[in-house]
$ cat target_32.txt   # compact mmCIF, C-alpha atoms and all ligand atoms
# COMPACT_ATOMS: atom_id res chain seq x y z
CA MET A 1 -190.14 184.78 118.53
CA ASN A 2 -190.52 187.25 115.65
CA VAL A 3 -187.84 187.41 113.02
CA GLY A 4 -187.18 189.67 110.05
CA ILE A 5 -185.24 188.96 106.87
CA VAL A 6 -183.32 191.51 104.82
CA GLY A 7 -182.57 190.21 101.32
CA ALA A 8 -185.68 188.03 101.37
CA THR A 9 -185.78 187.85 97.56
CA GLY A 10 -182.40 186.11 97.40
CA TYR A 11 -181.68 182.39 97.70
CA GLY A 12 -180.49 182.63 101.31
CA GLY A 13 -183.53 184.70 102.27
CA ALA A 14 -185.94 182.33 100.55
CA GLU A 15 -184.36 179.36 102.31
CA LEU A 16 -184.75 181.12 105.66
CA ILE A 17 -188.45 181.63 104.95
CA ARG A 18 -188.89 177.98 103.92
CA LEU A 19 -187.20 176.66 107.07
CA ILE A 20 -188.76 179.10 109.54
CA ASN A 21 -192.17 178.14 108.18
CA HIS A 22 -191.64 174.80 109.99
CA HIS A 23 -190.04 176.29 113.10
CA PRO A 24 -192.03 175.65 116.30
CA TYR A 25 -191.08 178.92 118.03
CA ALA A 26 -190.14 181.43 115.31
CA THR A 27 -192.33 183.36 112.87
CA VAL A 28 -191.29 185.57 109.97
CA SER A 29 -192.86 188.92 110.77
CA ALA A 30 -191.07 191.18 108.27
CA VAL A 31 -189.42 190.68 104.88
CA TYR A 32 -187.33 193.51 103.49
CA SER A 33 -186.26 194.27 99.94
CA THR A 34 -184.49 197.19 98.30
CA THR A 35 -186.17 196.63 94.93
CA GLN A 36 -189.64 195.20 95.58
CA ASP A 37 -191.27 197.38 98.19
CA GLY A 38 -194.99 196.48 98.33
CA ALA A 39 -194.73 193.27 96.28
CA ALA A 40 -196.02 189.93 97.49
CA LEU A 41 -193.34 187.32 98.10
CA SER A 42 -194.84 185.11 95.37
CA GLU A 43 -193.92 187.69 92.74
CA SER A 44 -190.32 186.68 93.33
CA TYR A 45 -191.06 183.09 94.27
CA PRO A 46 -194.31 181.60 92.91
CA HIS A 47 -193.59 178.41 94.89
CA MET A 48 -194.46 180.49 97.99
CA LEU A 49 -197.89 181.43 96.61
CA ASP A 50 -199.59 180.40 99.83
CA MET A 51 -197.39 182.76 101.86
CA ASN A 52 -198.71 186.00 100.42
CA SER A 53 -199.39 187.46 103.83
CA LEU A 54 -195.66 188.27 103.64
CA VAL A 55 -195.37 191.55 101.77
CA LEU A 56 -191.92 192.87 100.92
CA GLN A 57 -191.09 196.31 102.19
CA ALA A 58 -188.18 198.72 102.24
CA PHE A 59 -185.87 198.16 105.19
CA ASP A 60 -186.44 200.47 108.13
CA ALA A 61 -184.59 199.86 111.40
CA LYS A 62 -187.40 201.41 113.47
CA HIS A 63 -189.94 199.08 111.86
CA ALA A 64 -187.63 196.13 112.54
CA GLY A 65 -187.25 197.29 116.14
CA ALA A 66 -191.01 197.35 116.57
CA THR A 67 -191.72 194.00 114.91
CA CYS A 68 -188.68 191.73 115.27
CA ASP A 69 -186.60 190.18 118.03
CA VAL A 70 -183.95 188.99 115.59
CA VAL A 71 -183.14 190.04 112.03
CA PHE A 72 -181.29 187.87 109.51
CA LEU A 73 -179.21 189.76 106.97
CA ALA A 74 -179.09 187.70 103.76
CA THR A 75 -177.48 190.51 101.83
CA PRO A 76 -174.45 190.96 99.56
CA PRO A 77 -171.07 192.00 100.99
CA GLY A 78 -170.90 195.58 102.20
CA VAL A 79 -174.52 195.81 103.40
CA SER A 80 -174.59 194.29 106.87
CA SER A 81 -171.69 196.41 108.12
CA LYS A 82 -174.00 199.37 107.45
CA LEU A 83 -177.32 197.91 108.68
CA SER A 84 -176.17 196.08 111.82
CA PRO A 85 -175.51 199.16 114.02
CA SER A 86 -179.01 200.55 113.42
CA LEU A 87 -180.59 197.19 114.33
CA LEU A 88 -178.49 196.77 117.48
CA ALA A 89 -179.50 200.30 118.48
CA GLU A 90 -183.14 199.14 118.26
CA ASN A 91 -182.36 196.21 120.56
CA VAL A 92 -182.71 193.72 117.74
CA LYS A 93 -180.26 190.83 117.58
CA VAL A 94 -178.58 190.29 114.22
CA ILE A 95 -177.53 187.13 112.39
CA ASP A 96 -175.51 188.09 109.35
CA LEU A 97 -175.19 185.55 106.53
CA SER A 98 -172.67 187.64 104.58
CA GLY A 99 -168.91 187.75 104.99
CA ASP A 100 -168.87 191.31 106.39
CA LEU A 101 -168.33 190.48 110.05
CA ARG A 102 -166.44 187.19 109.98
CA LEU A 103 -162.84 188.43 109.67
CA LYS A 104 -161.45 189.94 112.85
CA ASN A 105 -158.66 191.74 111.01
CA PRO A 106 -160.22 194.56 108.93
CA ASP A 107 -157.20 194.56 106.59
CA ASP A 108 -158.04 190.97 105.62
CA TYR A 109 -161.56 192.04 104.62
CA GLU A 110 -160.19 194.86 102.49
CA VAL A 111 -157.69 192.56 100.77
CA TRP A 112 -160.01 189.60 100.12
CA TYR A 113 -163.40 191.33 99.64
CA LYS A 114 -161.97 194.51 98.08
CA LYS A 115 -164.43 196.59 100.08
CA LYS A 116 -164.31 198.90 103.04
CA PRO A 117 -164.41 196.83 106.26
CA ALA A 118 -166.93 197.26 109.06
CA ASP A 119 -165.99 199.35 112.09
CA GLU A 120 -163.61 197.56 114.44
CA SER A 121 -166.10 197.77 117.32
CA LEU A 122 -168.63 195.83 115.22
CA LEU A 123 -165.99 193.27 114.20
CA SER A 124 -164.89 192.72 117.76
CA GLU A 125 -168.46 192.27 118.97
CA ALA A 126 -169.47 189.81 116.23
CA VAL A 127 -169.38 186.16 117.29
CA TYR A 128 -168.36 183.69 114.58
CA GLY A 129 -171.31 181.29 114.53
CA LEU A 130 -169.80 177.91 113.69
CA THR A 131 -172.24 176.55 116.23
CA GLU A 132 -170.55 173.22 116.98
CA TRP A 133 -167.36 175.10 117.96
CA THR A 134 -168.49 178.50 119.20
CA GLY A 135 -171.93 177.69 120.62
CA GLU A 136 -171.05 178.94 124.11
CA ALA A 137 -170.26 182.42 122.74
CA VAL A 138 -173.35 182.34 120.50
CA LYS A 139 -175.55 181.90 123.59
CA LYS A 140 -174.51 185.36 124.84
CA ALA A 141 -174.23 187.14 121.48
CA ARG A 142 -176.37 189.86 120.00
CA LEU A 143 -174.44 189.94 116.72
CA ILE A 144 -173.55 186.75 114.90
CA ALA A 145 -171.38 186.33 111.83
CA ASN A 146 -172.76 183.19 110.21
CA PRO A 147 -169.90 181.23 108.57
CA GLY A 148 -169.42 181.03 104.82
CA CYS A 149 -170.61 177.96 102.96
CA TYR A 150 -167.18 176.57 102.05
CA PRO A 151 -165.67 177.31 105.49
CA THR A 152 -168.54 175.40 107.15
CA ALA A 153 -167.76 172.20 105.26
CA VAL A 154 -163.99 172.63 105.51
CA LEU A 155 -163.79 173.59 109.19
CA LEU A 156 -166.16 170.90 110.44
CA GLY A 157 -163.97 168.33 108.67
CA LEU A 158 -160.58 169.68 109.79
CA LEU A 159 -160.93 171.18 113.25
CA PRO A 160 -161.16 167.93 115.26
CA LEU A 161 -158.00 166.51 113.69
CA LEU A 162 -156.00 169.72 114.01
CA LYS A 163 -157.16 170.25 117.58
CA ALA A 164 -155.95 166.74 118.45
CA GLY A 165 -152.61 167.39 116.69
CA LEU A 166 -153.11 164.50 114.28
CA ILE A 167 -152.23 166.34 111.05
CA GLU A 168 -149.52 168.84 110.12
CA PRO A 169 -151.26 172.20 109.57
CA ASP A 170 -148.81 173.32 106.87
CA SER A 171 -149.45 170.20 104.79
CA LEU A 172 -153.14 170.93 104.18
CA LEU A 173 -154.60 170.89 100.68
CA ILE A 174 -158.30 171.74 100.35
CA ASP A 175 -160.16 171.04 97.15
CA ALA A 176 -163.79 172.21 97.30
CA LYS A 177 -166.68 172.11 94.83
CA SER A 178 -170.01 173.90 94.94
CA GLY A 179 -173.35 173.88 93.19
CA THR A 180 -174.19 177.15 91.49
CA SER A 181 -176.86 178.36 93.97
CA GLY A 182 -173.82 179.26 96.09
CA ALA A 183 -173.34 182.25 93.82
CA GLY A 184 -176.80 183.69 94.64
CA ARG A 185 -179.86 184.37 92.50
CA SER A 186 -178.24 187.19 90.57
CA ALA A 187 -175.12 185.16 89.80
CA SER A 188 -172.76 186.48 87.17
CA ALA A 189 -172.45 184.92 83.72
CA ILE A 190 -169.96 182.38 85.08
CA ALA A 191 -172.83 180.36 86.58
CA HIS A 192 -175.36 180.62 83.72
CA PHE A 193 -176.80 177.43 82.26
CA PRO A 194 -174.81 177.39 78.99
CA GLU A 195 -171.63 178.03 80.93
CA MET A 196 -172.21 175.43 83.60
CA ASN A 197 -174.24 172.67 81.98
CA ASP A 198 -171.98 169.72 81.19
CA ASN A 199 -169.02 171.68 82.53
CA PHE A 200 -166.75 171.84 85.60
CA LYS A 201 -164.76 174.97 86.43
CA ILE A 202 -162.11 176.03 88.87
CA TYR A 203 -162.41 179.69 89.94
CA LYS A 204 -160.82 182.36 92.19
CA VAL A 205 -157.60 180.31 92.35
CA ASN A 206 -155.63 181.41 95.42
CA GLN A 207 -157.98 184.40 95.67
CA HIS A 208 -161.11 183.01 97.27
CA GLN A 209 -162.47 185.30 100.00
CA HIS A 210 -163.12 182.32 102.29
CA THR A 211 -159.37 181.58 102.59
CA PRO A 212 -158.66 183.97 105.51
CA GLU A 213 -161.88 182.89 107.24
CA ILE A 214 -160.73 179.26 107.22
CA GLU A 215 -157.20 180.21 108.34
CA GLN A 216 -158.55 182.41 111.13
CA MET A 217 -160.70 179.64 112.62
CA LEU A 218 -158.05 176.92 112.19
CA SER A 219 -155.62 179.11 114.13
CA THR A 220 -157.90 178.95 117.17
CA VAL A 221 -157.01 175.27 117.60
CA THR A 222 -153.41 175.28 116.31
CA ASP A 223 -152.43 178.56 118.02
CA LYS A 224 -150.72 179.88 114.90
CA LEU A 225 -151.88 181.21 111.56
CA THR A 226 -150.88 178.76 108.84
CA PRO A 227 -151.56 179.61 105.17
CA ILE A 228 -153.64 176.98 103.39
CA THR A 229 -154.01 175.97 99.77
CA PHE A 230 -157.74 176.23 99.02
CA SER A 231 -159.26 175.69 95.58
CA THR A 232 -162.90 176.19 94.64
CA HIS A 233 -164.82 174.70 91.72
CA LEU A 234 -168.29 175.11 90.24
CA VAL A 235 -170.11 171.92 89.36
CA PRO A 236 -173.31 171.66 87.32
CA MET A 237 -175.69 171.06 90.19
CA THR A 238 -178.02 173.35 92.10
CA ARG A 239 -177.11 172.71 95.74
CA GLY A 240 -174.28 171.07 97.56
CA ILE A 241 -170.66 171.48 98.58
CA MET A 242 -168.05 168.77 98.76
CA ALA A 243 -164.71 169.62 100.35
CA THR A 244 -162.02 167.00 99.81
CA MET A 245 -159.05 167.63 102.07
CA TYR A 246 -155.63 166.07 102.38
CA GLY A 247 -153.12 166.36 105.21
CA LYS A 248 -149.90 164.69 106.33
CA LEU A 249 -150.34 162.72 109.53
CA THR A 250 -148.21 163.48 112.54
CA VAL A 251 -145.92 160.68 113.72
CA GLY A 252 -147.77 157.67 115.06
CA THR A 253 -151.32 158.71 114.06
CA GLN A 254 -153.62 155.73 113.46
CA ALA A 255 -157.11 155.51 111.96
CA GLU A 256 -158.61 154.97 115.41
CA ASP A 257 -157.07 158.27 116.59
CA LEU A 258 -158.83 160.09 113.75
CA ARG A 259 -162.18 158.52 114.61
CA ALA A 260 -161.70 159.23 118.32
CA ALA A 261 -160.96 162.90 117.57
CA TYR A 262 -164.15 163.25 115.52
CA GLU A 263 -166.23 161.44 118.12
CA GLN A 264 -164.86 163.58 120.91
CA SER A 265 -165.66 166.80 119.03
CA TYR A 266 -169.09 165.81 117.76
CA HIS A 267 -170.57 163.33 120.26
CA SER A 268 -173.31 165.79 121.13
CA ALA A 269 -173.52 167.64 117.79
CA PRO A 270 -176.91 166.80 116.22
CA PHE A 271 -175.99 167.89 112.70
CA VAL A 272 -172.60 166.26 112.15
CA ARG A 273 -172.66 162.64 110.98
CA LEU A 274 -169.49 160.59 110.74
CA ARG A 275 -169.23 157.72 108.24
CA PRO A 276 -167.41 154.47 109.01
CA GLU A 277 -163.73 154.70 107.99
CA GLY A 278 -163.30 154.36 104.22
CA GLN A 279 -166.91 155.30 103.40
CA PHE A 280 -167.57 158.68 101.86
CA PRO A 281 -170.69 160.86 101.68
CA SER A 282 -172.07 162.42 98.50
CA THR A 283 -173.79 165.81 98.31
CA LYS A 284 -177.19 164.28 97.64
CA GLU A 285 -177.04 162.53 101.01
CA VAL A 286 -177.40 165.90 102.76
CA TYR A 287 -179.55 167.71 100.15
CA GLY A 288 -182.13 170.02 101.74
CA SER A 289 -180.94 169.14 105.26
CA ASN A 290 -178.84 170.77 107.96
CA PHE A 291 -176.41 167.86 108.12
CA CYS A 292 -172.69 167.92 107.53
CA ASP A 293 -171.56 164.38 106.69
CA ILE A 294 -167.89 163.50 107.02
CA GLY A 295 -165.89 160.53 105.75
CA PHE A 296 -162.17 159.87 106.05
CA THR A 297 -159.48 157.34 105.30
CA LEU A 298 -155.85 157.00 106.15
CA ASP A 299 -153.33 156.08 103.45
CA GLN A 300 -150.44 154.16 105.03
CA ARG A 301 -148.49 154.42 101.75
CA THR A 302 -148.35 158.23 101.69
CA ASN A 303 -148.95 158.81 105.42
CA ARG A 304 -151.79 161.15 104.50
CA VAL A 305 -155.42 161.38 105.48
CA THR A 306 -158.19 162.08 102.96
CA ILE A 307 -161.25 163.78 104.45
CA VAL A 308 -164.52 164.40 102.63
CA SER A 309 -167.07 166.79 104.08
CA VAL A 310 -170.41 167.55 102.42
CA ILE A 311 -173.18 170.06 103.16
CA ASP A 312 -176.12 171.70 101.44
CA ASN A 313 -174.73 175.21 100.88
CA LEU A 314 -178.11 176.87 101.37
CA VAL A 315 -178.99 174.95 104.55
CA LYS A 316 -175.97 174.02 106.70
CA GLY A 317 -173.91 176.52 104.67
CA ALA A 318 -176.34 179.42 105.18
CA ALA A 319 -179.98 179.47 106.35
CA GLY A 320 -179.98 176.25 108.40
CA GLN A 321 -176.82 177.18 110.26
CA ALA A 322 -178.27 180.67 110.86
CA ILE A 323 -181.38 179.08 112.41
CA HIS A 324 -179.17 176.76 114.47
CA ASN A 325 -177.52 179.92 115.81
CA LEU A 326 -180.93 181.47 116.46
CA ASN A 327 -181.91 178.36 118.45
CA VAL A 328 -178.77 178.55 120.56
CA LEU A 329 -178.99 182.26 121.29
CA ALA A 330 -182.70 182.06 122.06
CA GLY A 331 -182.32 179.01 124.29
CA PHE A 332 -184.50 176.75 122.08
CA GLU A 333 -183.51 173.13 121.55
CA GLU A 334 -180.70 173.09 118.95
CA THR A 335 -182.67 171.09 116.44
CA ALA A 336 -185.89 173.16 116.52
CA GLY A 337 -187.16 173.53 112.95
CA LEU A 338 -184.14 171.74 111.53
CA GLN A 339 -184.94 168.05 111.71
CA MET A 340 -185.36 167.56 107.97
CA VAL A 341 -184.38 164.23 106.47
CA PRO A 342 -182.34 164.93 103.29
CA VAL A 343 -184.29 164.91 100.01
CA TYR A 344 -183.26 161.79 98.10
CA PRO A 345 -182.88 161.06 95.24
N1 LIG A 401 -176.03 181.24 98.36
C1 LIG A 401 -175.33 180.59 99.29
O1 LIG A 401 -175.18 179.34 99.23
C2 LIG A 401 -174.70 181.34 100.43
C3 LIG A 401 -174.71 182.71 100.52
N2 LIG A 401 -174.09 183.33 101.56
C4 LIG A 401 -174.08 184.78 101.67
O2 LIG A 401 -175.39 185.20 102.04
C5 LIG A 401 -175.69 186.46 101.44
C6 LIG A 401 -176.94 186.30 100.57
O3 LIG A 401 -176.65 185.35 99.55
P1 LIG A 401 -177.71 184.90 98.47
O4 LIG A 401 -179.04 184.83 99.07
O5 LIG A 401 -177.14 183.70 97.80
O6 LIG A 401 -177.64 186.12 97.45
P2 LIG A 401 -178.74 186.60 96.41
O7 LIG A 401 -178.00 187.38 95.40
O8 LIG A 401 -179.56 185.45 95.97
O9 LIG A 401 -179.66 187.57 97.28
C7 LIG A 401 -179.19 188.72 97.92
C8 LIG A 401 -180.36 189.65 98.17
O10 LIG A 401 -179.86 190.84 98.81
C9 LIG A 401 -180.68 191.93 98.46
N3 LIG A 401 -179.86 193.14 98.28
C10 LIG A 401 -179.08 193.48 97.23
N4 LIG A 401 -178.49 194.66 97.46
C11 LIG A 401 -178.91 195.07 98.67
C12 LIG A 401 -178.65 196.23 99.46
N5 LIG A 401 -177.82 197.19 99.04
N6 LIG A 401 -179.26 196.35 100.66
C13 LIG A 401 -180.09 195.39 101.11
N7 LIG A 401 -180.37 194.27 100.40
C14 LIG A 401 -179.78 194.12 99.20
C15 LIG A 401 -181.35 191.56 97.15
O11 LIG A 401 -182.74 191.66 97.37
P3 LIG A 401 -183.60 192.93 96.94
O12 LIG A 401 -183.18 193.26 95.54
O13 LIG A 401 -184.99 192.44 97.04
O14 LIG A 401 -183.23 193.99 97.93
C16 LIG A 401 -181.03 190.11 96.89
O15 LIG A 401 -182.16 189.34 96.61
C17 LIG A 401 -174.45 186.86 100.62
O16 LIG A 401 -173.62 187.68 101.39
C18 LIG A 401 -173.78 185.51 100.37
O17 LIG A 401 -172.43 185.64 100.11
C19 LIG A 401 -173.50 182.65 102.57
C20 LIG A 401 -173.49 181.28 102.55
C21 LIG A 401 -174.04 180.52 101.45
C1 LIG A 402 -170.57 178.91 94.04
C2 LIG A 402 -170.17 180.29 94.43
O1 LIG A 402 -169.96 181.15 93.58
N1 LIG A 402 -170.07 180.54 95.72
C3 LIG A 402 -169.70 181.84 96.22
C4 LIG A 402 -169.97 181.87 97.68
C5 LIG A 402 -170.13 183.30 98.07
C6 LIG A 402 -170.40 183.54 99.47
O2 LIG A 402 -171.13 182.86 100.13
O3 LIG A 402 -169.75 184.64 99.88
P1 LIG A 402 -169.51 185.13 101.37
O4 LIG A 402 -169.60 183.94 102.24
O5 LIG A 402 -168.15 185.67 101.29
O6 LIG A 402 -170.56 186.11 101.66
C7 LIG A 402 -168.23 182.17 95.94
O7 LIG A 402 -167.45 181.25 95.75
O8 LIG A 402 -167.87 183.34 95.98

$ encode --input "target_32.txt" --output "structure tokens"
Amino acid sequence: MNVGIVGATGYGGAELIRLINHHPYATVSAVYSTTQDGAALSESYPHMLDMNSLVLQAFDAKHAGATCDVVFLATPPGVSSKLSPSLLAENVKVIDLSGDLRLKNPDDYEVWYKKKPADESLLSEAVYGLTEWTGEAVKKARLIANPGCYPTAVLLGLLPLLKAGLIEPDSLLIDAKSGTSGAGRSASAIAHFPEMNDNFKIYKVNQHQHTPEIEQMLSTVTDKLTPITFSTHLVPMTRGIMATMYGKLTVGTQAEDLRAAYEQSYHSAPFVRLRPEGQFPSTKEVYGSNFCDIGFTLDQRTNRVTIVSVIDNLVKGAAGQAIHNLNVLAGFEETAGLQMVPVYP
């Protein structure tokens, strides 16, 4: 299968190239850039010096139609809503890593992204690609909205317990932390070395654009939209997200109910790993891999559960999850090209 990447000079694009290089059935056949038409990939990324057959070029939907079966859009907000229709018209399937097509309500996009939303027809066609939960719809999709990095960690940790009715949805507190690659290669000053080294920052308090995305997906298992408290922090590391989540248990919930709910949801999910009760994962334990590791414990004293979910933001939170979606929609085995053991230490 031939794939193209728009935004190939960014971190998400580079991670797609790295992972697809090991994919048994997919080949990168086109890499698009708005700023580096004609440049070799190694001009942006010298670590890909041996991949100089990949020459960056200006995006052209007709070219993509002639050379690619699927195109990944690893582009900033506001771009994929414009490019997707021209790719679909060329019979090319689209996997969008940005937030443009994730929110079904266009007003939410306008409020949280402060940009013009995509056309409603595009939003209604886009399938939210949280593969473990929406894989059946992904199989039939031609347009996939790949989940955000924070929502991936948060939703994989919360959905099984909410679906089983084990925690009160309106009691949820979500405290998430990310490495700075989450902000992209052209990150603003907030993520620069002198700002972030030896520092720890909270940001976008009550304003993070992933809030409605999390609420939207949680509502599919609780049947009502419940506002959440969701805080995001930058930590001085390159990759990794840890979401620590707290919720009040419903009457009678025991630790074995929590474990049973996770096992029921993820018994055949190759990328979700559950820790024994009371043991918690760290971000390094998933670094460079497509795993989401989850730990939990129940506090009898407060009648609350603490859940910890970790991912690599660039893999499970972006490129790896996008390739997982590619595998499902193409009918490949789910793990094709994604069986990396985490890099440790
Ligand atoms: N970093 C992460 O951990 C995650 C990122 N995402 C999302 O994935 C997308 C890509 O993120 P990331 O790779 O980190 O971002 P980067 O800033 O690292 O890269 C984005 C790339 O998009 C290209 N670009 C910029 N403007 C345009 C445009 N108008 N049209 C087409 N291409 C353009 C640029 O390449 P060029 O100048 O060569 O055109 C740039 O290299 C974003 O929407 C992000 O929010 C989602 C999950 C996790
Ligand atoms: C660390 C960091 O800055 N992370 C970014 C993630 C951005 C992102 O992935 O945005 P979309 O999913 O909405 O496209 C942020 O918090 O805004």

$ closest_residue --input "target_32.txt" --among "A:Leu161, A:Val205, A:Met340, A:Leu274" --to "ligand LIG 402 (chain A)" --atoms "all atoms listed in the file"
A:Val205

$ residues_near_point --input "target_32.txt" --point "(-168.3, 194.3, 119.5)" --cutoff "12 Å" --atoms "all atoms listed in the file" --output "list in words"
Ser84, Pro85, Leu88, Leu101, Lys104, Ala118, Asp119, Glu120, Ser121, Leu122, Leu123, Ser124, Glu125, Ala126, Val127, Tyr128, Ala141, Arg142, Leu143, Ile144 and Ala145 of chain A

$ residues_near_ligand --input "target_32.txt" --ligand "ligand LIG 402 (chain A)" --cutoff "6 Å" --atoms "only C-alpha atoms and all ligand atoms" --output "MDAnalysis selection string"
chainID A and resid 77 98:99 148:149 178:180 182:183 209 234

$ closest_residue --input "target_32.txt" --among "A:Gly247, A:Pro169, A:Gly38, A:Gly78" --to "ligand LIG 401 (chain A)" --atoms "only C-alpha atoms and all ligand atoms"
A:Gly78

$ atom_distance --input "target_32.txt" --atom1 "atom CA of A:Tyr266" --atom2 "atom CA of A:Phe332"
19.4 Å

$ closest_residue --input "target_32.txt" --among "A:Thr238, A:Thr232, A:Ser80, A:Thr244" --to "A:Ile307" --atoms "only C-alpha atoms"
A:Thr244

$ closest_residue --input "target_32.txt" --among "A:Arg301, A:Arg239, A:Lys115, A:His192" --to "ligand LIG 401 (chain A)" --atoms "all atoms listed in the file"
A:Arg239

$ residues_around --input "target_32.txt" --residues "stretch 67-70 of chain A" --least-positions-apart "5" --cutoff "6 Å" --atoms "only C-alpha atoms" --output "JSON, numbers by chain"
{"A": [2, 3, 4, 92, 93, 94]}

$ write_last_selection --input "target_32.txt" --atoms "C-alpha atoms" --output "mmCIF file, in the frame of the given file"
data_model
loop_
_atom_site.group_PDB
_atom_site.id
_atom_site.type_symbol
_atom_site.label_atom_id
_atom_site.label_comp_id
_atom_site.auth_asym_id
_atom_site.auth_seq_id
_atom_site.Cartn_x
_atom_site.Cartn_y
_atom_site.Cartn_z
ATOM 1 C CA ASN A 2 -190.520 187.250 115.650
ATOM 2 C CA VAL A 3 -187.840 187.410 113.020
ATOM 3 C CA GLY A 4 -187.180 189.670 110.050
ATOM 4 C CA VAL A 92 -182.710 193.720 117.740
ATOM 5 C CA LYS A 93 -180.260 190.830 117.580
ATOM 6 C CA VAL A 94 -178.580 190.290 114.220
#

$ residues_around --input "target_32.txt" --residues "A:Gly331" --least-positions-apart "2" --cutoff "12 Å" --atoms "all atoms listed in the file" --output "PDB file with C-alpha atoms, keeping the file's coordinate frame"
ATOM      1  CA  MET A   1    -190.140 184.780 118.530  1.00  0.00           C
ATOM      2  CA  TYR A  25    -191.080 178.920 118.030  1.00  0.00           C
ATOM      3  CA  GLY A 135    -171.930 177.690 120.620  1.00  0.00           C
ATOM      4  CA  GLU A 136    -171.050 178.940 124.110  1.00  0.00           C
ATOM      5  CA  VAL A 138    -173.350 182.340 120.500  1.00  0.00           C
ATOM      6  CA  LYS A 139    -175.550 181.900 123.590  1.00  0.00           C
ATOM      7  CA  LYS A 140    -174.510 185.360 124.840  1.00  0.00           C
ATOM      8  CA  ALA A 141    -174.230 187.140 121.480  1.00  0.00           C
ATOM      9  CA  ILE A 323    -181.380 179.080 112.410  1.00  0.00           C
ATOM     10  CA  HIS A 324    -179.170 176.760 114.470  1.00  0.00           C
ATOM     11  CA  ASN A 325    -177.520 179.920 115.810  1.00  0.00           C
ATOM     12  CA  LEU A 326    -180.930 181.470 116.460  1.00  0.00           C
ATOM     13  CA  ASN A 327    -181.910 178.360 118.450  1.00  0.00           C
ATOM     14  CA  VAL A 328    -178.770 178.550 120.560  1.00  0.00           C
ATOM     15  CA  LEU A 329    -178.990 182.260 121.290  1.00  0.00           C
ATOM     16  CA  GLU A 333    -183.510 173.130 121.550  1.00  0.00           C
ATOM     17  CA  GLU A 334    -180.700 173.090 118.950  1.00  0.00           C
ATOM     18  CA  THR A 335    -182.670 171.090 116.440  1.00  0.00           C
ATOM     19  CA  ALA A 336    -185.890 173.160 116.520  1.00  0.00           C
TER      20      ALA A 336
END

$ residues_around --input "target_32.txt" --residues "A:Thr211" --least-positions-apart "3" --cutoff "8 Å" --atoms "all atoms listed in the file" --output "MDAnalysis selection string"
chainID A and resid 207:208 214:215 228 230

$ closest_residue --input "target_32.txt" --among "A:Asn313, A:Thr134, A:Asn21, A:Ser171" --to "ligand LIG 401 (chain A)" --atoms "only C-alpha atoms and all ligand atoms"
A:Asn313

$ atom_distance --input "target_32.txt" --atom1 "atom CA of A:Leu130" --atom2 "atom CA of A:His22"
22.4 Å

$ atom_distance --input "target_32.txt" --atom1 "atom CA of A:Val251" --atom2 "atom CA of A:Leu173"
18.7 Å

$ closest_residue --input "target_32.txt" --among "A:Gly184, A:Pro345, A:Pro236, A:Pro212" --to "A:Asp198" --atoms "all atoms listed in the file"
A:Pro236
